[in-house]
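The structure file model.tsv is reproduced below (TSV, C-alpha atoms).
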chain	number	residue	atom	x	y	z
A	1	VAL	CA	123.18	99.68	141.34
A	2	THR	CA	125.30	102.43	139.83
A	3	THR	CA	126.89	103.10	136.48
A	4	ILE	CA	130.16	104.91	135.81
A	5	VAL	CA	129.67	107.59	133.16
A	6	LYS	CA	132.57	108.96	131.12
A	7	GLU	CA	132.69	111.91	128.75
A	8	SER	CA	135.77	112.53	126.61
A	9	GLY	CA	137.69	110.13	128.80
A	10	VAL	CA	136.81	111.95	132.05
A	11	ILE	CA	134.91	110.04	134.74
A	12	LEU	CA	131.93	112.12	135.73
A	13	GLY	CA	130.95	109.92	138.63
A	14	ALA	CA	128.77	107.09	139.72
A	15	ILE	CA	125.15	107.64	138.71
A	16	PRO	CA	122.33	105.34	139.82
A	17	THR	CA	121.28	103.18	136.87
A	18	VAL	CA	117.60	104.03	137.31
A	19	ILE	CA	118.40	107.74	136.89
A	20	LEU	CA	120.60	107.07	133.89
A	21	TYR	CA	117.80	105.00	132.36
A	22	GLY	CA	115.31	107.82	132.90
A	23	VAL	CA	117.63	110.34	131.31
A	24	THR	CA	118.15	108.02	128.33
A	25	ILE	CA	114.39	107.63	127.79
A	26	TRP	CA	113.89	111.42	128.06
A	27	LEU	CA	116.68	112.05	125.57
A	28	ALA	CA	115.28	109.48	123.12
A	29	ARG	CA	111.79	110.98	123.31
A	30	THR	CA	113.17	114.49	122.82
A	31	LEU	CA	115.15	113.44	119.75
A	32	CYS	CA	112.11	111.66	118.27
A	33	LYS	CA	109.98	114.76	118.87
A	34	LYS	CA	112.58	116.98	117.21
A	35	TRP	CA	112.76	114.63	114.23
A	36	ASP	CA	108.98	114.60	113.84
A	37	GLU	CA	108.96	118.40	113.98
A	38	HIS	CA	111.72	118.47	111.34
A	39	LYS	CA	109.73	116.20	109.01
A	40	ALA	CA	106.52	118.12	109.58
A	41	ALA	CA	108.28	121.39	108.78
A	42	LYS	CA	109.21	120.04	105.34
A	43	LEU	CA	105.62	119.14	104.45
A	44	PRO	CA	103.43	121.97	103.14
A	45	THR	CA	100.08	122.36	104.85
A	46	PRO	CA	97.03	123.21	102.77
A	47	SER	CA	96.21	126.31	104.78
A	48	SER	CA	99.62	127.97	104.60
A	49	ASN	CA	101.33	126.80	101.42
A	50	ILE	CA	98.64	125.92	98.89
A	51	ASP	CA	96.39	128.46	97.20
A	52	PRO	CA	92.61	127.93	97.24
A	53	LYS	CA	92.46	126.82	93.61
A	54	THR	CA	95.05	124.11	94.18
A	55	GLU	CA	93.25	123.04	97.35
A	56	GLU	CA	90.03	122.70	95.37
A	57	MET	CA	91.83	120.68	92.70
A	58	LEU	CA	93.26	118.29	95.30
A	59	GLU	CA	89.85	117.94	96.95
A	60	LEU	CA	88.28	117.05	93.59
A	61	MET	CA	91.02	114.51	92.92
A	62	SER	CA	90.43	112.88	96.31
A	63	LYS	CA	86.80	112.46	95.23
A	64	LYS	CA	87.95	111.00	91.89
A	65	SER	CA	86.41	113.93	90.02
A	66	TYR	CA	89.35	113.93	87.64
A	67	LYS	CA	87.76	115.95	84.82
A	68	GLN	CA	86.86	118.81	87.16
A	69	ALA	CA	90.30	118.62	88.77
A	70	MET	CA	91.88	118.88	85.33
A	71	ASP	CA	89.79	121.95	84.49
A	72	ILE	CA	91.41	123.71	87.44
A	73	ALA	CA	94.89	122.36	86.60
A	74	ASP	CA	94.56	123.84	83.12
A	75	VAL	CA	94.47	127.42	84.43
A	76	ILE	CA	97.48	127.17	86.78
A	77	ASP	CA	101.02	127.93	85.61
A	78	TRP	CA	102.83	124.86	86.95
A	79	ARG	CA	106.20	126.13	85.76
A	80	LYS	CA	106.26	128.34	88.85
A	81	VAL	CA	105.71	125.39	91.24
A	82	LYS	CA	108.84	124.00	92.86
A	83	ASN	CA	107.24	121.11	94.75
A	84	ALA	CA	107.97	117.91	92.80
A	85	ALA	CA	105.33	115.92	94.69
A	86	MET	CA	102.64	118.44	93.74
A	87	LEU	CA	103.72	118.30	90.10
A	88	CYS	CA	103.53	114.49	90.20
A	89	THR	CA	99.96	114.75	91.49
A	90	VAL	CA	98.99	117.12	88.68
A	91	SER	CA	100.60	114.75	86.18
A	92	GLU	CA	98.44	111.95	87.56
A	93	ILE	CA	95.31	114.07	87.10
A	94	TYR	CA	96.11	114.48	83.41
A	95	GLU	CA	96.94	110.80	83.09
A	96	TYR	CA	93.59	109.81	84.62
A	97	ASN	CA	91.99	111.93	81.90
A	98	ARG	CA	94.14	110.20	79.26
A	99	GLU	CA	95.90	113.47	78.45
A	100	PHE	CA	99.22	111.67	78.27
A	101	GLN	CA	101.22	114.43	76.58
A	102	LYS	CA	100.15	117.01	79.17
A	103	SER	CA	100.82	114.48	81.91
A	104	ARG	CA	104.36	113.95	80.68
A	105	ASP	CA	104.99	117.67	80.21
A	106	ILE	CA	104.14	118.27	83.88
A	107	LEU	CA	106.19	115.25	84.92
A	108	PHE	CA	109.21	116.69	83.11
A	109	LEU	CA	108.87	119.72	85.38
A	110	ALA	CA	108.85	117.38	88.38
A	111	TYR	CA	111.94	115.65	87.00
A	112	ASP	CA	113.73	119.00	86.79
A	113	ARG	CA	113.03	119.48	90.51
A	114	ALA	CA	113.93	115.91	91.51
A	115	PRO	CA	116.13	114.32	88.81
A	116	GLU	CA	117.04	111.35	91.01
A	117	SER	CA	113.49	110.30	91.82
A	118	LYS	CA	113.08	106.74	90.58
A	119	LYS	CA	109.30	107.08	90.83
A	120	ILE	CA	109.33	110.00	88.40
A	121	ILE	CA	111.69	108.23	86.00
A	122	TYR	CA	109.53	105.08	86.07
A	123	ARG	CA	106.37	107.07	85.31
A	124	LEU	CA	108.12	108.93	82.50
A	125	GLY	CA	108.86	105.51	81.02
A	126	THR	CA	105.26	104.32	81.25
A	127	LEU	CA	103.95	107.60	79.80
A	128	ALA	CA	106.41	107.32	76.93
A	129	LEU	CA	104.91	103.92	76.12
A	130	LYS	CA	101.39	105.34	76.20
A	131	LEU	CA	102.60	107.90	73.69
A	132	LYS	CA	104.13	105.09	71.59
A	133	GLU	CA	107.65	106.44	72.13
A	134	VAL	CA	109.46	103.19	72.81
A	135	LYS	CA	112.98	104.59	72.49
A	136	GLU	CA	112.20	107.21	75.15
A	137	ALA	CA	110.86	104.45	77.41
A	138	GLU	CA	114.04	102.43	76.90
A	139	ASP	CA	116.10	105.47	77.91
A	140	CYS	CA	114.02	105.80	81.06
A	141	LEU	CA	114.55	102.10	81.82
A	142	GLU	CA	118.29	102.50	81.45
A	143	GLU	CA	118.29	105.52	83.76
A	144	PHE	CA	116.03	103.78	86.28
A	145	ALA	CA	118.19	100.65	86.40
A	146	ALA	CA	121.34	102.72	86.88
A	147	LEU	CA	119.74	104.72	89.68
A	148	ALA	CA	118.12	101.74	91.45
A	149	PRO	CA	119.78	98.52	90.23
A	150	LYS	CA	118.08	96.38	92.90
A	151	ASP	CA	114.57	97.74	92.41
A	152	PRO	CA	112.43	94.96	90.86
A	153	ASN	CA	110.16	97.48	89.14
A	154	GLN	CA	112.79	97.71	86.41
A	155	TYR	CA	111.61	94.29	85.26
A	156	ILE	CA	108.01	95.50	85.01
A	157	LEU	CA	109.03	98.49	82.92
A	158	LYS	CA	111.17	96.22	80.76
A	159	TYR	CA	108.23	93.84	80.33
A	160	LYS	CA	105.94	96.70	79.29
A	161	ILE	CA	108.51	97.78	76.71
A	162	LEU	CA	108.84	94.25	75.32
A	163	LYS	CA	105.07	93.92	75.18
A	164	GLU	CA	104.76	97.22	73.29
A	165	LYS	CA	107.43	96.02	70.84
A	166	ASN	CA	105.62	92.69	70.36
A	167	ALA	CA	108.80	90.90	71.42
A	168	PRO	CA	108.84	87.09	71.37
A	169	LEU	CA	106.78	85.54	74.17
A	170	ALA	CA	109.90	83.77	75.46
A	171	GLU	CA	111.54	87.14	76.18
A	172	GLN	CA	108.46	88.50	77.93
A	173	ILE	CA	108.14	85.34	80.01
A	174	GLU	CA	111.78	85.47	81.04
A	175	VAL	CA	111.42	89.01	82.38
A	176	LEU	CA	108.32	88.22	84.45
A	177	GLU	CA	109.93	85.03	85.75
A	178	THR	CA	112.89	87.13	86.90
A	179	PHE	CA	110.51	89.57	88.60
A	180	LYS	CA	108.72	86.70	90.33
A	181	LYS	CA	112.00	85.53	91.88
A	182	VAL	CA	112.40	88.82	93.75
A	183	GLU	CA	108.79	89.90	94.27
A	184	TYR	CA	105.48	88.09	93.92
A	185	VAL	CA	102.57	90.34	92.91
A	186	GLU	CA	99.12	89.06	91.93
A	187	LYS	CA	98.77	91.18	88.80
A	188	TRP	CA	102.08	90.11	87.30
A	189	ALA	CA	101.68	86.50	88.41
A	190	PHE	CA	98.43	86.34	86.45
A	191	GLU	CA	100.07	88.11	83.51
A	192	LEU	CA	102.75	85.41	83.55
A	193	ALA	CA	100.07	82.71	83.55
A	194	ILE	CA	98.47	84.34	80.49
A	195	LEU	CA	101.85	84.40	78.72
A	196	TYR	CA	102.32	80.71	79.45
A	197	GLN	CA	98.89	80.07	77.94
A	198	LYS	CA	99.70	82.07	74.80
A	199	ALA	CA	102.99	80.21	74.45
A	200	GLY	CA	101.23	76.84	74.67
A	201	MET	CA	102.92	76.06	78.01
A	202	THR	CA	99.82	74.58	79.63
A	203	ALA	CA	101.56	72.86	82.55
A	204	GLU	CA	103.37	76.07	83.51
A	205	CYS	CA	100.13	78.05	83.12
A	206	LEU	CA	98.25	75.75	85.51
A	207	GLU	CA	101.12	75.73	87.98
A	208	GLU	CA	101.21	79.53	88.00
A	209	CYS	CA	97.46	79.64	88.59
A	210	ASP	CA	97.84	77.21	91.50
A	211	ASP	CA	100.63	79.30	93.00
A	212	LEU	CA	98.59	82.49	92.71
A	213	ILE	CA	95.50	80.91	94.29
A	214	LEU	CA	97.55	79.35	97.09
A	215	TRP	CA	99.45	82.54	97.95
A	216	PHE	CA	96.64	85.09	97.82
A	217	SER	CA	93.47	83.01	98.46
A	218	GLU	CA	91.08	85.73	97.26
A	219	GLY	CA	90.88	88.87	95.20
A	220	GLU	CA	90.45	89.94	91.58
A	221	TYR	CA	93.43	88.07	90.18
A	222	VAL	CA	92.77	84.94	92.22
A	223	TYR	CA	89.31	84.70	90.66
A	224	LYS	CA	90.78	85.33	87.22
A	225	ALA	CA	93.31	82.56	87.84
A	226	MET	CA	90.48	80.20	88.83
A	227	GLU	CA	88.61	81.00	85.63
A	228	LEU	CA	91.75	80.45	83.58
A	229	LYS	CA	92.45	77.14	85.26
A	230	MET	CA	88.88	75.94	84.68
A	231	GLN	CA	89.47	76.20	80.94
A	232	TYR	CA	91.70	73.14	81.30
A	233	LYS	CA	90.40	71.21	84.30
A	234	PRO	CA	87.92	71.49	87.19
A	235	LEU	CA	89.04	73.20	90.37
A	236	THR	CA	89.84	70.95	93.31
A	237	PRO	CA	88.97	71.84	96.94
I need this file expressed as structure tokens, please.
Amino acid sequence: VTTIVKESGVILGAIPTVILYGVTIWLARTLCKKWDEHKAAKLPTPSSNIDPKTEEMLELMSKKSYKQAMDIADVIDWRKVKNAAMLCTVSEIYEYNREFQKSRDILFLAYDRAPESKKIIYRLGTLALKLKEVKEAEDCLEEFAALAPKDPNQYILKYKILKEKNAPLAEQIEVLETFKKVEYVEKWAFELAILYQKAGMTAECLEECDDLILWFSEGEYVYKAMELKMQYKPLTP
């Protein structure tokens, strides 16, 4: 079996299909290898791009020794660092230590390096709430929704803002119900069940517990849903 190959409208000739197939596979593998090399080249390696102090900090963070990691972070001038991902990591270290202002200051540096990162904008919103700056969080929500209008995490940030503002339960419920329609996550499903309970919507609370138990079968929030349901009626097999 042969295949006629053309290039720019010129017939190059009849090439056996098996050879053409082999060439195609070789070309595909070569392109994949080149792409992997391209991606790897963009990622800094600890040995060549990260100084020993930063390496030690990252090692401590991986061991969840956040206080010791923060002690190292405190003596590094992060304004000189251009890597947004590294700055996000440092911000997380401060957040783990409940140093929310420092965490946000570092995250602002990351934002300067990557202003269209929805992850950074989302975290800036949550940190603003931890600092009780609701208006700042609302600005982050607006920017996040404009940047990623289909990302369901906008509903979670909106819910957190409403919760901080002590908005009516009906508004909080509506947002989590909207989130549930596009993504079903145990934590927020249980949060919705709790809201139903607070609003006196017992039937909806029990139904949400049943849905959570059915979908996820086990885990922290499944057990919490079981305990919540048992406040109203015994569990059935």
Option closest in space to Thr89 of chain A, from A:Thr202, A:Thr54, A:Phe144, A:Asp112 [counting all atoms listed in the file]: A:Thr54
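Between atom CA of Asp210 of chain A and atom CA of Glu186 of chain A there is a distance of 11.9 Å.
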Neighbours of point (102.7, 100.8, 76.0) within 8 Å, using only C-alpha atoms, written as a PyMOL selection string: chain A and resi 126-132+134+160-161+163-164
Could you work out how far atom CA of Asn97 of chain A lies from atom CA of Val81 of chain A, giving the answer in Å with one decimal?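 Pair atom CA of Val81 of chain A / atom CA of Asn97 of chain A returns 21.4 Å.
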Report as a ChimeraX atom specification all protein, DNA and RNA residues lying within 12 Å of Leu58 of chain A, evaluated on only C-alpha atoms, omitting residues in the same chain fewer than 6 positions from it. /A:46,50-52,64-66,68-73,86-87,89-90,92-93
Which is closer to Leu141 of chain A than all the others in A:Tyr122, A:Tyr159, A:Trp215, A:Phe190, using all atoms listed in the file?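 Under the stated criterion, the closest residue is A:Tyr122.
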Could I get segment 191-210 of chain A rebuilt with N, CA, C and O atoms, written as a PDB file, in the coordinates of the input?
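Produced file part01.pdb, reproduced below:
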ATOM      1  N   GLU A 191      99.552  87.762  84.839  1.00  0.00           N
ATOM      2  CA  GLU A 191     100.070  88.110  83.510  1.00  0.00           C
ATOM      3  C   GLU A 191     101.018  87.020  83.005  1.00  0.00           C
ATOM      4  O   GLU A 191     101.010  86.655  81.822  1.00  0.00           O
ATOM      5  N   LEU A 192     101.825  86.489  83.917  1.00  0.00           N
ATOM      6  CA  LEU A 192     102.750  85.410  83.550  1.00  0.00           C
ATOM      7  C   LEU A 192     101.979  84.161  83.156  1.00  0.00           C
ATOM      8  O   LEU A 192     102.334  83.475  82.183  1.00  0.00           O
ATOM      9  N   ALA A 193     100.903  83.868  83.892  1.00  0.00           N
ATOM     10  CA  ALA A 193     100.070  82.710  83.550  1.00  0.00           C
ATOM     11  C   ALA A 193      99.478  82.858  82.146  1.00  0.00           C
ATOM     12  O   ALA A 193      99.430  81.896  81.368  1.00  0.00           O
ATOM     13  N   ILE A 194      99.035  84.069  81.824  1.00  0.00           N
ATOM     14  CA  ILE A 194      98.470  84.340  80.490  1.00  0.00           C
ATOM     15  C   ILE A 194      99.539  84.140  79.405  1.00  0.00           C
ATOM     16  O   ILE A 194      99.272  83.576  78.338  1.00  0.00           O
ATOM     17  N   LEU A 195     100.762  84.587  79.680  1.00  0.00           N
ATOM     18  CA  LEU A 195     101.850  84.400  78.720  1.00  0.00           C
ATOM     19  C   LEU A 195     102.138  82.923  78.488  1.00  0.00           C
ATOM     20  O   LEU A 195     102.372  82.498  77.351  1.00  0.00           O
ATOM     21  N   TYR A 196     102.126  82.170  79.582  1.00  0.00           N
ATOM     22  CA  TYR A 196     102.320  80.710  79.450  1.00  0.00           C
ATOM     23  C   TYR A 196     101.232  80.115  78.554  1.00  0.00           C
ATOM     24  O   TYR A 196     101.503  79.271  77.690  1.00  0.00           O
ATOM     25  N   GLN A 197      99.996  80.578  78.755  1.00  0.00           N
ATOM     26  CA  GLN A 197      98.890  80.070  77.940  1.00  0.00           C
ATOM     27  C   GLN A 197      99.103  80.405  76.467  1.00  0.00           C
ATOM     28  O   GLN A 197      98.937  79.545  75.592  1.00  0.00           O
ATOM     29  N   LYS A 198      99.487  81.654  76.190  1.00  0.00           N
ATOM     30  CA  LYS A 198      99.700  82.070  74.800  1.00  0.00           C
ATOM     31  C   LYS A 198     100.842  81.297  74.150  1.00  0.00           C
ATOM     32  O   LYS A 198     100.827  81.054  72.938  1.00  0.00           O
ATOM     33  N   ALA A 199     101.828  80.934  74.975  1.00  0.00           N
ATOM     34  CA  ALA A 199     102.990  80.210  74.450  1.00  0.00           C
ATOM     35  C   ALA A 199     102.752  78.709  74.359  1.00  0.00           C
ATOM     36  O   ALA A 199     103.642  77.963  73.955  1.00  0.00           O
ATOM     37  N   GLY A 200     101.549  78.264  74.722  1.00  0.00           N
ATOM     38  CA  GLY A 200     101.230  76.840  74.670  1.00  0.00           C
ATOM     39  C   GLY A 200     101.855  76.043  75.796  1.00  0.00           C
ATOM     40  O   GLY A 200     101.943  74.816  75.722  1.00  0.00           O
ATOM     41  N   MET A 201     102.278  76.724  76.860  1.00  0.00           N
ATOM     42  CA  MET A 201     102.920  76.060  78.010  1.00  0.00           C
ATOM     43  C   MET A 201     101.851  75.802  79.071  1.00  0.00           C
ATOM     44  O   MET A 201     101.791  76.446  80.120  1.00  0.00           O
ATOM     45  N   THR A 202     100.989  74.824  78.784  1.00  0.00           N
ATOM     46  CA  THR A 202      99.820  74.580  79.630  1.00  0.00           C
ATOM     47  C   THR A 202     100.194  74.200  81.061  1.00  0.00           C
ATOM     48  O   THR A 202      99.599  74.703  82.027  1.00  0.00           O
ATOM     49  N   ALA A 203     101.160  73.314  81.206  1.00  0.00           N
ATOM     50  CA  ALA A 203     101.560  72.860  82.550  1.00  0.00           C
ATOM     51  C   ALA A 203     102.043  74.036  83.395  1.00  0.00           C
ATOM     52  O   ALA A 203     101.679  74.178  84.569  1.00  0.00           O
ATOM     53  N   GLU A 204     102.852  74.891  82.790  1.00  0.00           N
ATOM     54  CA  GLU A 204     103.370  76.070  83.510  1.00  0.00           C
ATOM     55  C   GLU A 204     102.242  77.049  83.835  1.00  0.00           C
ATOM     56  O   GLU A 204     102.233  77.661  84.913  1.00  0.00           O
ATOM     57  N   CYS A 205     101.273  77.173  82.901  1.00  0.00           N
ATOM     58  CA  CYS A 205     100.130  78.050  83.120  1.00  0.00           C
ATOM     59  C   CYS A 205      99.326  77.593  84.335  1.00  0.00           C
ATOM     60  O   CYS A 205      98.993  78.395  85.221  1.00  0.00           O
ATOM     61  N   LEU A 206      99.021  76.296  84.395  1.00  0.00           N
ATOM     62  CA  LEU A 206      98.250  75.750  85.510  1.00  0.00           C
ATOM     63  C   LEU A 206      99.011  75.845  86.823  1.00  0.00           C
ATOM     64  O   LEU A 206      98.428  76.144  87.876  1.00  0.00           O
ATOM     65  N   GLU A 207     100.307  75.629  86.769  1.00  0.00           N
ATOM     66  CA  GLU A 207     101.120  75.730  87.980  1.00  0.00           C
ATOM     67  C   GLU A 207     101.142  77.160  88.511  1.00  0.00           C
ATOM     68  O   GLU A 207     101.054  77.386  89.724  1.00  0.00           O
ATOM     69  N   GLU A 208     101.226  78.117  87.586  1.00  0.00           N
ATOM     70  CA  GLU A 208     101.210  79.530  88.000  1.00  0.00           C
ATOM     71  C   GLU A 208      99.871  79.901  88.604  1.00  0.00           C
ATOM     72  O   GLU A 208      99.800  80.632  89.605  1.00  0.00           O
ATOM     73  N   CYS A 209      98.796  79.400  88.028  1.00  0.00           N
ATOM     74  CA  CYS A 209      97.460  79.640  88.590  1.00  0.00           C
ATOM     75  C   CYS A 209      97.357  79.059  89.997  1.00  0.00           C
ATOM     76  O   CYS A 209      96.828  79.712  90.908  1.00  0.00           O
ATOM     77  N   ASP A 210      97.870  77.852  90.172  1.00  0.00           N
ATOM     78  CA  ASP A 210      97.840  77.210  91.500  1.00  0.00           C
ATOM     79  C   ASP A 210      98.639  78.025  92.515  1.00  0.00           C
ATOM     80  O   ASP A 210      98.197  78.211  93.654  1.00  0.00           O
TER      81      ASP A 210
END
